[in-house]
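**Q** Sharing a structure, written as structure tokens. Questions coming.
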Amino acid sequence: KQFFWICHPATVWRLVTGLVGPRYGPGVSTGMPEDRRGLDDGQACLLITGAPGAGKSTVSRLIAQQLSRSALLDAYFVSTMVVSGYVWPLGKPADEAARQVRLLNTNLCALAGNFADAGFTPVIDLVVPNGEHLEVFRRALTSHRLLLVVLDPGSDTCRYRNQIRAPQQQHFFEGYEELRASMRNGLGNLGWWFDTSDLNAEQTVERILREAPRR
């Protein structure tokens, strides 16, 4: 993923503020279906995770657009706020990569809490590789309802979905089995392990909006 900011400052402002979903004033009816209201207005922090190719980014964006008050927290976008000295999570030196992952998780927790306190549901798009990483969110967001959804279409489906993406959107990642095993061992029965192998993005979003508040 790459971002090129070559546009008028007003356009940049519209793009940045577009991270926040539709705004409604006090007393204005949102028309949100009853079964989705448990997710809206900052009542929960929704953490969408899964392996590369599972559909996290697409699903997170569509969910945020469906809610009446929401904020999309794209982990990649937040991590690349580091311009000089950025090291990606599997990069080198390893200790610096780990330090920046810790910084990313801290920043995501702070943003999620701030948005939820302001009445916007944060939808967090992030690979959570193990229980240690998840525990950061559980500790930081104790005053909020954290809903974890693990998109789990299977390694073969993730590979296929990644291969059919546009070249600039593909992830060069080979450790699917190892990552899934780490997530299974570390996350255990926490959250909703959602097999989306037979669903498209829209169907996945519909089920999450309908069922996640009750899980």
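Within each chain, counting starts at residue 1; across the structure tokens, chains are named A, B, ... in the order shown, with ligands numbered 1 upward in that order.
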What lies within 10 Å of Lys56 of chain A using only C-alpha atoms, ignoring chain neighbours under 2 positions off, as a count of residues only?

**A** 22

**Q** Excluding same-chain residues fewer than 6 positions from Gly186 of chain A, what lies within 10 Å of it counting only C-alpha atoms, as a VMD selection string?

**A** chain A and resid 128 to 135 180

**Q** Check chain A with DSSP on the backbone and list each residue it calls strand (DSSP E or B), as a count of residues only.

**A** 26

**Q** Going by DSSP on the backbone, which residues of chain A come out as alpha helix (DSSP H)? List them as a VMD selection string.

**A** chain A and resid 9 to 17 56 to 66 75 to 79 94 to 117 131 to 140 155 to 163 176 to 187 201 to 211

**Q** Measure the distance from atom CA of Pro122 of chain A to atom CA of Tyr76 of chain A in Å and round it to one decimal.

**A**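 Going from atom CA of Pro122 of chain A over to atom CA of Tyr76 of chain A, I get 15.2 Å.
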
**Q** Excluding segment 171-176 of chain A and residues on its chain fewer than 6 positions from it, collect all residues at most 9 Å away from it, counting only C-alpha atoms, and give them as a list in words.

**A**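 Final neighbour list, sorted by chain and number: Lys1, Ala51, Pro52, Gly53, Gly154, Ser155, Asp156, Cys158, Arg159, Asn162 and Gln163 of chain A.
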
**Q** I need the chosen residues saved as a short mmCIF file (atom, residue, chain, number, x, y, z; two decimals), in the first residue's frame, with N, CA, C and O atoms.

**A**
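Okay, this is what ended up in again28.cif:
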data_model
loop_
_atom_site.label_atom_id
_atom_site.label_comp_id
_atom_site.auth_asym_id
_atom_site.auth_seq_id
_atom_site.Cartn_x
_atom_site.Cartn_y
_atom_site.Cartn_z
N LYS A 1 0.84 -1.19 0.00
CA LYS A 1 0.00 0.00 0.00
C LYS A 1 0.88 1.24 0.00
O LYS A 1 1.84 1.33 0.74
N ALA A 51 -5.78 -12.92 8.74
CA ALA A 51 -4.54 -12.96 7.95
C ALA A 51 -4.64 -12.03 6.74
O ALA A 51 -5.74 -11.65 6.34
N PRO A 52 -3.51 -11.66 6.14
CA PRO A 52 -3.56 -10.90 4.90
C PRO A 52 -4.40 -11.64 3.85
O PRO A 52 -4.22 -12.84 3.63
N GLY A 53 -5.32 -10.94 3.23
CA GLY A 53 -6.21 -11.56 2.26
C GLY A 53 -7.53 -12.00 2.83
O GLY A 53 -8.42 -12.43 2.09
N GLY A 154 -9.72 -19.29 5.93
CA GLY A 154 -8.76 -20.35 5.66
C GLY A 154 -7.58 -19.84 4.85
O GLY A 154 -7.70 -18.87 4.09
N SER A 155 -6.44 -20.49 5.02
CA SER A 155 -5.21 -20.02 4.38
C SER A 155 -5.30 -20.04 2.85
O SER A 155 -4.84 -19.11 2.18
N ASP A 156 -5.89 -21.08 2.28
CA ASP A 156 -5.97 -21.17 0.82
C ASP A 156 -6.81 -20.04 0.25
O ASP A 156 -6.46 -19.45 -0.79
N CYS A 158 -7.30 -17.09 1.65
CA CYS A 158 -6.53 -15.85 1.81
C CYS A 158 -5.51 -15.71 0.70
O CYS A 158 -5.34 -14.62 0.12
N ARG A 159 -4.82 -16.81 0.39
CA ARG A 159 -3.83 -16.75 -0.69
C ARG A 159 -4.50 -16.38 -2.01
O ARG A 159 -4.00 -15.55 -2.78
N ASN A 162 -5.61 -12.79 -2.17
CA ASN A 162 -4.45 -11.91 -2.31
C ASN A 162 -3.93 -11.92 -3.74
O ASN A 162 -3.56 -10.88 -4.29
N GLN A 163 -3.94 -13.10 -4.38
CA GLN A 163 -3.41 -13.22 -5.74
C GLN A 163 -4.25 -12.49 -6.76
O GLN A 163 -3.73 -12.03 -7.79
#

**Q** Atom CA of Asn105 of chain A and atom CA of Leu46 of chain A are how many Å apart?

**A**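 That distance, rounded to one decimal, is 14.3 Å.
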
**Q** Select, from A:Leu146, A:Ser84, A:Ile63, A:Ala112, the residue with the minimum atom-to-atom distance to Leu190 of chain A, counting only C-alpha atoms.

**A** A:Leu146

**Q** Quote the spacing between atom CA of Glu178 of chain A and atom CA of Pro153 of chain A in Å to one decimal place.

**A**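 Distance between the two atoms: 15.1 Å.
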
**Q** Hey, what's within 10 Å of Glu96 of chain A if we count only C-alpha atoms and toss same-chain stuff fewer than 5 positions away? As a ChimeraX atom specification, please?

**A** /A:85-89,91,101-102
